[in-house]
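See below for coords.csv, which holds CSV, C-alpha atoms and all ligand atoms.
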```csv
chain,number,residue,atom,x,y,z
M,1,MET,CA,68.7,-18.1,2.9
M,2,LEU,CA,65.9,-20.6,2.2
M,3,ASP,CA,65.5,-21.6,5.9
M,4,GLN,CA,65.4,-18.0,7.0
M,5,ALA,CA,62.9,-17.1,4.2
M,6,LEU,CA,60.6,-20.0,5.1
M,7,ASP,CA,60.8,-19.2,8.7
M,8,GLU,CA,59.8,-15.6,8.1
M,9,ILE,CA,57.0,-16.6,5.8
M,10,LYS,CA,55.7,-19.1,8.3
M,11,THR,CA,55.6,-16.5,11.2
M,12,SER,CA,54.3,-13.7,9.0
M,13,PRO,CA,51.4,-12.3,11.1
M,14,ASN,CA,49.2,-10.7,8.3
M,15,LEU,CA,48.8,-10.1,4.6
M,16,PRO,CA,50.7,-6.7,4.4
M,17,ALA,CA,53.7,-8.3,6.3
M,18,LEU,CA,53.6,-11.2,3.8
M,19,GLN,CA,53.6,-8.8,0.9
M,20,ASP,CA,56.7,-7.2,2.3
M,21,LEU,CA,58.4,-10.6,2.4
M,22,ARG,CA,57.5,-11.2,-1.3
M,23,VAL,CA,59.1,-7.9,-2.1
M,24,LYS,CA,62.1,-8.6,0.1
M,25,TYR,CA,62.9,-12.0,-1.6
M,26,LEU,CA,61.3,-11.9,-5.0
M,27,GLY,CA,60.9,-8.2,-5.8
M,28,LYS,CA,62.9,-6.4,-8.5
M,29,LYS,CA,65.6,-5.7,-5.9
M,30,GLY,CA,64.8,-8.8,-3.8
M,31,LEU,CA,67.5,-11.1,-2.4
M,32,VAL,CA,66.7,-13.9,-4.9
M,33,THR,CA,66.6,-11.6,-7.8
M,34,GLU,CA,69.9,-10.1,-6.8
M,35,GLN,CA,71.4,-13.6,-6.9
M,36,LEU,CA,70.1,-14.1,-10.4
M,37,LYS,CA,71.8,-10.9,-11.4
M,38,GLY,CA,75.2,-12.2,-10.1
M,39,LEU,CA,75.1,-15.2,-12.5
M,40,GLY,CA,76.6,-13.3,-15.3
M,41,SER,CA,80.1,-13.5,-13.9
M,42,LEU,CA,80.1,-17.4,-13.7
M,43,GLU,CA,81.4,-19.9,-16.2
M,44,PRO,CA,78.6,-21.2,-18.5
M,45,GLU,CA,78.5,-24.6,-16.9
M,46,ALA,CA,78.5,-23.2,-13.3
M,47,ARG,CA,76.0,-20.5,-14.4
M,48,LYS,CA,73.6,-23.2,-15.6
M,49,LEU,CA,73.7,-25.1,-12.4
M,50,ALA,CA,73.5,-22.0,-10.2
M,51,GLY,CA,70.6,-20.7,-12.3
M,52,GLN,CA,68.7,-23.9,-11.8
M,53,GLU,CA,69.3,-23.7,-8.0
M,54,ILE,CA,68.2,-20.1,-7.8
M,55,ASN,CA,65.0,-20.8,-9.8
M,56,LYS,CA,64.2,-23.7,-7.6
M,57,LEU,CA,64.7,-21.4,-4.6
M,58,LYS,CA,62.5,-18.8,-6.2
M,59,THR,CA,59.7,-21.4,-6.8
M,60,VAL,CA,59.9,-22.8,-3.2
M,61,ILE,CA,59.7,-19.3,-1.7
M,62,ASN,CA,56.9,-18.2,-4.1
M,63,ASP,CA,54.9,-21.4,-3.3
M,64,ALA,CA,55.4,-20.8,0.4
M,65,ILE,CA,54.2,-17.2,0.2
M,66,ASP,CA,51.1,-18.3,-1.8
M,67,ALA,CA,50.3,-21.0,0.7
M,68,LYS,CA,50.7,-18.6,3.6
M,69,LYS,CA,48.6,-16.0,1.8
M,70,ALA,CA,45.7,-18.5,1.3
M,71,GLU,CA,46.0,-19.4,5.0
M,72,LEU,CA,45.9,-15.8,6.2
M,73,GLU,CA,43.0,-15.0,3.9
M,74,LEU,CA,41.0,-17.9,5.3
M,75,ASN,CA,41.8,-16.8,8.8
M,76,ALA,CA,40.7,-13.3,8.0
M,77,LEU,CA,37.4,-14.6,6.6
M,78,ASN,CA,36.8,-16.9,9.6
M,79,GLU,CA,37.4,-14.0,12.0
M,80,LYS,CA,35.0,-11.8,10.0
M,81,LEU,CA,32.3,-14.5,9.9
M,82,GLU,CA,32.8,-15.1,13.7
M,83,LYS,CA,32.2,-11.4,14.3
M,84,GLU,CA,29.2,-11.3,12.1
M,85,SER,CA,27.8,-14.6,13.3
M,86,LEU,CA,24.3,-15.3,12.1
M,87,ASP,CA,21.6,-16.2,14.6
M,88,VAL,CA,19.4,-18.4,12.5
M,89,THR,CA,16.9,-18.7,15.3
M,90,LEU,CA,15.9,-15.0,15.0
M,91,PRO,CA,12.4,-14.5,13.7
M,92,GLY,CA,12.4,-13.3,10.0
M,93,ARG,CA,11.4,-9.8,8.9
M,94,HIS,CA,7.7,-9.5,8.2
M,95,TYR,CA,6.7,-8.2,4.8
M,96,SER,CA,3.0,-7.4,4.5
M,97,PRO,CA,1.4,-9.2,1.6
M,98,GLY,CA,-1.0,-6.3,1.1
M,99,GLY,CA,-4.6,-6.8,0.3
M,100,LEU,CA,-7.6,-5.6,-1.7
M,101,HIS,CA,-9.2,-2.3,-0.7
M,102,LEU,CA,-12.6,-2.8,0.9
M,103,LEU,CA,-14.4,-1.2,-2.0
M,104,THR,CA,-12.7,-3.6,-4.4
M,105,GLN,CA,-13.8,-6.5,-2.3
M,106,VAL,CA,-17.4,-5.2,-2.2
M,107,ILE,CA,-17.4,-4.7,-6.0
M,108,ASN,CA,-16.0,-8.3,-6.5
M,109,LYS,CA,-18.6,-9.7,-4.1
M,110,LEU,CA,-21.4,-7.8,-5.9
M,111,SER,CA,-20.2,-9.0,-9.2
M,112,ASP,CA,-20.2,-12.6,-7.9
M,113,VAL,CA,-23.7,-12.2,-6.5
M,114,PHE,CA,-25.1,-10.9,-9.8
M,115,ARG,CA,-23.2,-13.4,-11.9
M,116,SER,CA,-24.9,-16.1,-9.8
M,117,MET,CA,-28.2,-14.5,-10.7
M,118,GLY,CA,-27.4,-14.8,-14.4
M,119,TYR,CA,-26.2,-11.2,-15.0
M,120,ASP,CA,-23.1,-10.3,-17.2
M,121,VAL,CA,-20.7,-7.9,-15.6
M,122,GLU,CA,-19.7,-5.0,-17.9
M,123,VAL,CA,-17.5,-1.9,-17.5
M,124,GLY,CA,-17.7,1.4,-19.3
M,125,PRO,CA,-15.7,4.7,-19.8
M,126,GLU,CA,-15.3,7.2,-17.0
M,127,LEU,CA,-14.9,10.0,-19.5
M,128,GLU,CA,-18.3,10.3,-21.2
M,129,ASP,CA,-19.9,12.4,-23.9
M,130,GLU,CA,-22.9,14.5,-23.0
M,131,TRP,CA,-25.3,12.4,-25.1
M,132,HIS,CA,-24.7,9.1,-23.2
M,133,ASN,CA,-24.5,10.7,-19.8
M,134,PHE,CA,-27.6,12.9,-20.1
M,135,ASP,CA,-29.5,13.3,-23.4
M,136,ALA,CA,-30.0,9.7,-24.3
M,137,LEU,CA,-31.1,9.2,-20.7
M,138,ASN,CA,-34.1,11.5,-21.3
M,139,THR,CA,-32.2,14.4,-19.7
M,140,PRO,CA,-31.8,17.1,-22.3
M,141,GLY,CA,-29.8,20.3,-21.7
M,142,TRP,CA,-32.7,22.3,-20.3
M,143,HIS,CA,-33.8,19.6,-17.8
M,144,PRO,CA,-33.6,20.7,-14.2
M,145,ALA,CA,-32.4,17.1,-13.2
M,146,ARG,CA,-29.0,18.1,-14.7
M,147,ASP,CA,-28.5,20.4,-11.7
M,148,LEU,CA,-28.6,17.4,-9.4
M,149,GLN,CA,-25.5,16.0,-11.0
M,150,ASP,CA,-23.1,18.9,-11.4
M,151,THR,CA,-19.8,17.5,-12.4
M,152,PHE,CA,-16.4,18.1,-14.2
M,153,TRP,CA,-16.3,18.9,-17.9
M,154,THR,CA,-13.3,18.8,-20.2
M,155,THR,CA,-12.6,21.8,-22.5
M,156,ASP,CA,-13.8,19.7,-25.5
M,157,GLY,CA,-17.3,19.3,-24.0
M,158,ARG,CA,-16.9,15.8,-22.6
M,159,VAL,CA,-17.9,15.0,-19.0
M,160,MET,CA,-16.6,12.8,-16.2
M,161,ARG,CA,-19.6,10.5,-15.9
M,162,THR,CA,-21.9,11.5,-13.1
M,163,HIS,CA,-23.4,8.0,-12.8
M,164,THR,CA,-23.0,4.5,-14.3
M,165,SER,CA,-26.4,4.9,-16.1
M,166,PRO,CA,-24.7,6.0,-19.5
M,167,MET,CA,-23.6,2.4,-19.8
M,168,GLN,CA,-27.3,1.4,-20.1
M,169,VAL,CA,-27.3,3.4,-23.4
M,170,ARG,CA,-23.9,2.1,-24.6
M,171,TYR,CA,-24.8,-1.5,-23.9
M,172,MET,CA,-28.2,-1.2,-25.7
M,173,GLU,CA,-26.6,0.5,-28.7
M,174,THR,CA,-24.5,-2.6,-29.3
M,175,HIS,CA,-26.6,-5.5,-28.0
M,176,LYS,CA,-30.0,-7.0,-28.7
M,177,PRO,CA,-32.4,-7.9,-25.9
M,178,PRO,CA,-33.1,-10.0,-23.8
M,179,PHE,CA,-30.2,-9.5,-21.4
M,180,LYS,CA,-29.3,-8.8,-17.8
M,181,ILE,CA,-26.2,-6.8,-17.0
M,182,VAL,CA,-24.5,-5.0,-14.1
M,183,VAL,CA,-21.9,-2.3,-14.4
M,184,PRO,CA,-19.8,-1.4,-11.4
M,185,GLY,CA,-17.5,1.7,-11.7
M,186,LYS,CA,-16.2,5.1,-10.7
M,187,VAL,CA,-18.4,8.2,-11.1
M,188,TYR,CA,-17.7,11.9,-10.4
M,189,ARG,CA,-19.7,14.8,-9.1
M,190,ASN,CA,-18.9,18.4,-8.0
M,191,GLU,CA,-20.1,17.9,-4.4
M,192,ALA,CA,-19.7,19.7,-1.1
M,193,LEU,CA,-17.9,16.9,0.8
M,194,ASP,CA,-19.3,15.5,4.0
M,195,ALA,CA,-19.7,12.2,5.8
M,196,THR,CA,-21.9,10.7,3.1
M,197,HIS,CA,-20.7,12.7,0.0
M,198,GLU,CA,-17.5,12.3,-2.0
M,199,ALA,CA,-16.5,14.0,-5.4
M,200,GLN,CA,-15.4,10.6,-6.7
M,201,PHE,CA,-17.3,7.5,-5.7
M,202,HIS,CA,-18.5,4.2,-7.1
M,203,GLN,CA,-21.9,3.0,-8.3
M,204,LEU,CA,-23.3,-0.2,-9.5
M,205,GLU,CA,-25.8,-0.1,-12.3
M,206,ALA,CA,-28.2,-3.0,-13.2
M,207,LEU,CA,-30.2,-3.2,-16.4
M,208,VAL,CA,-32.6,-6.0,-17.4
M,209,VAL,CA,-34.4,-5.8,-20.7
M,210,GLY,CA,-36.8,-8.4,-22.2
M,211,GLU,CA,-40.3,-8.9,-23.4
M,212,ARG,CA,-42.3,-8.9,-20.2
M,213,VAL,CA,-40.0,-7.5,-17.5
M,214,THR,CA,-42.1,-6.0,-14.6
M,215,LEU,CA,-41.8,-3.9,-11.5
M,216,ALA,CA,-42.2,-7.1,-9.5
M,217,ASP,CA,-39.0,-8.4,-11.2
M,218,LEU,CA,-37.2,-5.2,-10.1
M,219,LYS,CA,-38.3,-5.6,-6.5
M,220,GLY,CA,-37.3,-9.2,-6.6
M,221,ALA,CA,-33.9,-8.5,-7.9
M,222,ILE,CA,-33.2,-5.8,-5.2
M,223,ASN,CA,-34.4,-8.2,-2.5
M,224,GLN,CA,-32.2,-11.0,-3.7
M,225,MET,CA,-29.2,-8.7,-3.8
M,226,ALA,CA,-29.8,-7.5,-0.3
M,227,ILE,CA,-30.3,-11.0,1.1
M,228,ALA,CA,-27.2,-12.2,-0.7
M,229,LEU,CA,-25.2,-9.4,0.8
M,230,MET,CA,-26.6,-9.1,4.3
M,231,GLY,CA,-28.3,-12.4,5.0
M,232,LYS,CA,-31.8,-13.7,5.3
M,233,GLY,CA,-34.5,-11.4,6.6
M,234,THR,CA,-32.9,-8.2,5.3
M,235,LYS,CA,-35.6,-5.7,4.5
M,236,THR,CA,-35.7,-3.5,1.5
M,237,ARG,CA,-38.2,-0.7,0.5
M,238,LEU,CA,-39.1,1.1,-2.7
M,239,GLN,CA,-40.4,4.6,-2.3
M,240,PRO,CA,-41.8,6.6,-5.3
M,241,SER,CA,-39.2,9.0,-6.7
M,242,TYR,CA,-38.2,10.7,-9.9
M,243,PHE,CA,-35.4,10.0,-12.3
M,244,PRO,CA,-35.9,11.2,-15.9
M,245,PHE,CA,-34.8,7.9,-17.4
M,246,VAL,CA,-37.4,5.7,-15.6
M,247,GLU,CA,-41.2,5.6,-15.4
M,248,PRO,CA,-42.3,4.8,-12.8
M,249,GLY,CA,-39.3,5.6,-10.7
M,250,ALA,CA,-38.4,4.8,-7.1
M,251,GLU,CA,-35.7,5.1,-4.5
M,252,PHE,CA,-34.8,1.9,-2.7
M,253,ALA,CA,-33.5,1.6,0.8
M,254,ILE,CA,-32.2,-1.1,3.2
M,255,TRP,CA,-33.1,-1.3,6.9
M,256,TRP,CA,-29.9,-0.8,9.0
M,257,THR,CA,-28.6,0.1,12.4
M,258,HIS,CA,-26.7,3.4,12.4
M,259,PRO,CA,-23.2,2.6,13.7
M,260,ARG,CA,-22.9,5.7,15.9
M,261,THR,CA,-26.5,6.4,17.1
M,262,GLY,CA,-27.4,2.7,17.3
M,263,LYS,CA,-30.7,3.7,15.8
M,264,GLU,CA,-32.4,1.4,13.3
M,265,GLU,CA,-33.5,3.3,10.2
M,266,TRP,CA,-33.9,3.1,6.4
M,267,LEU,CA,-30.7,3.8,4.4
M,268,GLU,CA,-31.3,5.1,0.9
M,269,LEU,CA,-29.0,3.2,-1.3
M,270,GLY,CA,-30.0,4.3,-4.8
M,271,GLY,CA,-32.6,4.8,-7.5
M,272,CYS,CA,-34.5,2.4,-9.7
M,273,GLY,CA,-37.5,2.1,-12.0
M,274,MET,CA,-38.9,0.8,-15.3
M,275,VAL,CA,-36.8,2.0,-18.2
M,276,HIS,CA,-38.4,5.1,-19.8
M,277,PRO,CA,-39.8,4.7,-23.4
M,278,ASN,CA,-37.7,7.7,-24.5
M,279,VAL,CA,-34.5,5.8,-23.5
M,280,PHE,CA,-35.6,2.8,-25.6
M,281,LYS,CA,-36.4,5.2,-28.4
M,282,ALA,CA,-32.9,6.8,-28.2
M,283,VAL,CA,-31.3,3.4,-28.8
M,284,GLY,CA,-33.9,2.1,-31.4
M,285,TYR,CA,-35.5,-0.6,-29.2
M,286,GLU,CA,-39.2,-1.5,-29.8
M,287,ASN,CA,-41.7,-3.7,-28.0
M,288,VAL,CA,-39.5,-4.4,-24.9
M,289,THR,CA,-39.7,-3.5,-21.3
M,290,GLY,CA,-37.0,-3.3,-18.7
M,291,PHE,CA,-36.0,-2.3,-15.3
M,292,ALA,CA,-32.8,-0.5,-14.1
M,293,PHE,CA,-31.3,0.4,-10.7
M,294,GLY,CA,-28.2,2.1,-9.6
M,295,PHE,CA,-26.7,2.7,-6.2
M,296,GLY,CA,-23.7,3.9,-4.3
M,297,ILE,CA,-21.1,1.2,-3.4
M,298,GLU,CA,-19.5,3.3,-0.6
M,299,ARG,CA,-22.9,3.7,1.0
M,300,LEU,CA,-23.5,0.0,0.8
M,301,ALA,CA,-20.0,-0.7,2.3
M,302,MET,CA,-20.8,1.8,5.1
M,303,VAL,CA,-24.0,-0.1,5.9
M,304,SER,CA,-22.3,-3.5,5.9
M,305,TYR,CA,-19.3,-2.5,8.0
M,306,GLY,CA,-20.5,0.3,10.2
M,307,ILE,CA,-18.2,2.8,8.6
M,308,PRO,CA,-19.4,6.2,9.8
M,309,ASP,CA,-17.7,8.5,7.3
M,310,ILE,CA,-17.3,8.0,3.5
M,311,ARG,CA,-14.0,9.9,3.6
M,312,TYR,CA,-12.3,7.0,5.4
M,313,PHE,CA,-12.3,5.1,2.1
M,314,TYR,CA,-9.9,7.5,0.5
M,315,GLN,CA,-7.5,8.6,3.2
M,316,SER,CA,-5.2,5.6,2.8
M,317,ASP,CA,-5.0,5.3,6.6
M,318,MET,CA,-3.6,1.8,7.3
M,319,ARG,CA,-5.4,1.8,10.6
M,320,VAL,CA,-8.7,1.9,8.7
M,321,LEU,CA,-7.7,-0.2,5.7
M,322,GLU,CA,-6.2,-3.0,7.7
M,323,GLN,CA,-9.4,-3.6,9.5
M,324,PHE,CA,-11.0,-4.8,6.3
M,325,ARG,CA,-8.2,-6.9,4.8
M,326,GLY,CA,-9.8,-10.1,3.4
M,327,VAL,CA,-13.2,-9.5,5.0
M,328,LEU,CA,-15.0,-10.8,1.9
E,401,LIG,C1,-31.8,5.6,-10.9
E,401,LIG,C2,-32.7,4.9,-11.7
E,401,LIG,C3,-32.2,3.9,-12.5
E,401,LIG,O1,-33.1,3.3,-13.4
E,401,LIG,C4,-30.9,3.6,-12.6
E,401,LIG,C5,-30.0,4.2,-11.8
E,401,LIG,C6,-30.4,5.2,-11.0
E,401,LIG,C7,-29.4,6.0,-10.1
E,401,LIG,C8,-29.1,7.3,-10.8
E,401,LIG,N1,-28.2,7.1,-11.9
E,401,LIG,C9,-28.3,8.1,-9.8
E,401,LIG,O2,-27.1,8.3,-9.9
E,401,LIG,N2,-29.0,8.5,-8.7
E,401,LIG,S1,-28.4,9.3,-7.5
E,401,LIG,O3,-27.9,10.5,-7.9
E,401,LIG,O4,-29.4,9.4,-6.5
E,401,LIG,O5,-27.2,8.5,-6.9
E,401,LIG,C10,-27.4,7.1,-6.6
E,401,LIG,C11,-26.7,6.7,-5.4
E,401,LIG,O6,-25.3,7.1,-5.5
E,401,LIG,C12,-27.1,7.5,-4.1
E,401,LIG,O7,-28.3,7.0,-3.6
E,401,LIG,C13,-25.9,7.3,-3.2
E,401,LIG,O8,-25.9,6.0,-2.7
E,401,LIG,C14,-24.8,7.4,-4.2
E,401,LIG,N3,-24.3,8.8,-4.2
E,401,LIG,C15,-24.8,9.9,-4.8
E,401,LIG,N4,-24.0,10.9,-4.7
E,401,LIG,C16,-22.9,10.5,-3.9
E,401,LIG,C17,-23.1,9.1,-3.6
E,401,LIG,N5,-22.3,8.5,-2.9
E,401,LIG,C18,-21.2,9.1,-2.4
E,401,LIG,N6,-20.9,10.4,-2.7
E,401,LIG,C19,-21.8,11.1,-3.4
E,401,LIG,N7,-21.5,12.4,-3.6
```
Turn the structure described in the file into structure tokens.
Amino acid sequence: MLDQALDEIKTSPNLPALQDLRVKYLGKKGLVTEQLKGLGSLEPEARKLAGQEINKLKTVINDAIDAKKAELELNALNEKLEKESLDVTLPGRHYSPGGLHLLTQVINKLSDVFRSMGYDVEVGPELEDEWHNFDALNTPGWHPARDLQDTFWTTDGRVMRTHTSPMQVRYMETHKPPFKIVVPGKVYRNEALDATHEAQFHQLEALVVGERVTLADLKGAINQMAIALMGKGTKTRLQPSYFPFVEPGAEFAIWWTHPRTGKEEWLELGGCGMVHPNVFKAVGYENVTGFAFGFGIERLAMVSYGIPDIRYFYQSDMRVLEQFRGVL
């Protein structure tokens, strides 16, 4: 029986067939098990000898089946691997590392430029109270200038800040002059949207306060910023204008080439001026002067990169965003 069993095991073609052999020889009603059952009728001495023989037989068959099983499993694995063979020369899958949004890059660059000019970079809350956004900036409730900055109010009377200027007040409330700060951040307005107007956009505010700060310092700071951003020879212009929180006030512009018309023209970037005495009064400052300016970061990015429509910044269109990966 042993020879036959070993022969069958050796030629067993696959794992199910091998399992059948295990049952055939070693199962509850298997051939070897049956032999064990027959031992009862033998004399004790003969039973002992026969029992040892049968157990040996059982072990040999069991070992042979285990060895064959390992061999069949290995064969199966090899076959599978052969079918699935890996081509290690294939190029890997490309995962995009992502990148910073152009506006983030411009804000980072602006922060670097101003830090190099000795300014501290500050941030402030986007949800403001009316006092900081308007009243303390010399814009009381009856002031017509409020209409220019229509925005979103919460039911408890707070306001999504319409500009970064409220941070002028917040900073002065908690710091003593002299200082130079810039404040980049998001602002909100209830706007009719078009190529140059969004309801959520970014501004950068600058505030410099000291003993003898002049309009010439203001013009110098704006020039320096424009040159750092756009290179030597960049022209800037101040034009008289009105903002309640400065006196005198101005708008400043940068000379640029319109990306679509190709025409050279002035692009209004933002407002500026000498800090109004009423603003200093609101925060308890005396005997100081200062200048401030604030401008739209989207507008600046549009100038720098020839982007014709502000809405491109917020449409998450990869064809647009990818063009500006790592430009700064
Ligand atoms: C003025 C004087 C200062 O001493 C300090 C700051 C300022 C700026 C003032 N706080 C302000 O917000 N002026 S502004 O209403 O004319 O806006 C400033 C700039 O933000 C604009 O010149 C423009 O570049 C940008 N802006 C305004 N509305 C916008 C916008 N950008 C995109 N979408 C809008 N809806």
Fill in: At most 7 Å from ligand LIG 401 (chain E) (only C-alpha atoms and all ligand atoms): residue list as an MDAnalysis selection string
chainID M and resid 149 162:165 189 191 196:201 203 205 243 245:246 249 268:275 291:299
Worksheet item: So how many Å separate CA of Pro144 in chain M and CA of Pro184 in chain M, to one decimal?
Response: 26.2 Å
Worksheet item: Which one is closest to Lys109 in chain M: M:Ile222, M:Leu2, M:Leu328, M:Ala250? Count only C-alpha atoms.
Response: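 Of M:Ile222, M:Leu2, M:Leu328, M:Ala250, the one nearest Lys109 in chain M, counting only C-alpha atoms, is M:Leu328.
Look at Pro16 in chain M: the protein and nucleic acid residues within 12 Å of it, using all atoms listed in the file and passing over chain neighbours fewer than 5 places away, are Ile9, Leu21, Arg22, Val23, Ile65, Lys68, Lys69, Leu72 and Glu73 of chain M.
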Could the residues in this selection be written to a file with C-alpha atoms, as a compact mmCIF listing (two decimals), in the frame of the given file?
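File produced: part20.txt:
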```txt
# COMPACT_ATOMS: atom_id res chain seq x y z
CA ILE M 9 57.00 -16.60 5.80
CA LEU M 21 58.40 -10.60 2.40
CA ARG M 22 57.50 -11.20 -1.30
CA VAL M 23 59.10 -7.90 -2.10
CA ILE M 65 54.20 -17.20 0.20
CA LYS M 68 50.70 -18.60 3.60
CA LYS M 69 48.60 -16.00 1.80
CA LEU M 72 45.90 -15.80 6.20
CA GLU M 73 43.00 -15.00 3.90
```
Item to complete: Write out as a PyMOL selection string each polymer residue whose atoms come within 12 Å of Glu211 in chain M, counting all atoms listed in the file; drop sequence neighbours fewer than 2 positions from it.
Response: chain M and resi 176-179+208-209+213-214+285-291
Write the selection just made, keeping C-alpha atoms, as a compact mmCIF listing (two decimals), in the coordinates of the input?
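This is the output file part_23.txt:
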```
# COMPACT_ATOMS: atom_id res chain seq x y z
CA LYS M 176 -30.00 -7.00 -28.70
CA PRO M 177 -32.40 -7.90 -25.90
CA PRO M 178 -33.10 -10.00 -23.80
CA PHE M 179 -30.20 -9.50 -21.40
CA VAL M 208 -32.60 -6.00 -17.40
CA VAL M 209 -34.40 -5.80 -20.70
CA VAL M 213 -40.00 -7.50 -17.50
CA THR M 214 -42.10 -6.00 -14.60
CA TYR M 285 -35.50 -0.60 -29.20
CA GLU M 286 -39.20 -1.50 -29.80
CA ASN M 287 -41.70 -3.70 -28.00
CA VAL M 288 -39.50 -4.40 -24.90
CA THR M 289 -39.70 -3.50 -21.30
CA GLY M 290 -37.00 -3.30 -18.70
CA PHE M 291 -36.00 -2.30 -15.30
```
Worksheet item: Can you tell me how far CA of Ile254 in chain M sits from CA of Thr234 in chain M, in Å to one decimal?
Response: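 Taking CA of Ile254 in chain M and CA of Thr234 in chain M, their separation equals 7.4 Å.
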Item to complete: Determine the nearest neighbour of Asn138 in chain M from the options M:Arg161, M:Arg47, M:Lys29, M:Lys281, counting only C-alpha atoms.
Response: M:Lys281
Practice prompt. Go ahead and find all residues with at least one atom no further than 9 Å from (-19.8, 14.0, -27.5) in the file's coordinates, using all atoms listed in the file; report them as a PyMOL selection string.
Written response: chain M and resi 128-132+156-159
Item to complete: Would you mind telling me which residue in M:His101, M:His202, M:His276, M:Arg115 lies nearest to Ile181 in chain M when using only C-alpha atoms?
Response: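 Looking at the shortest contact to Ile181 in chain M, the residue is M:Arg115.
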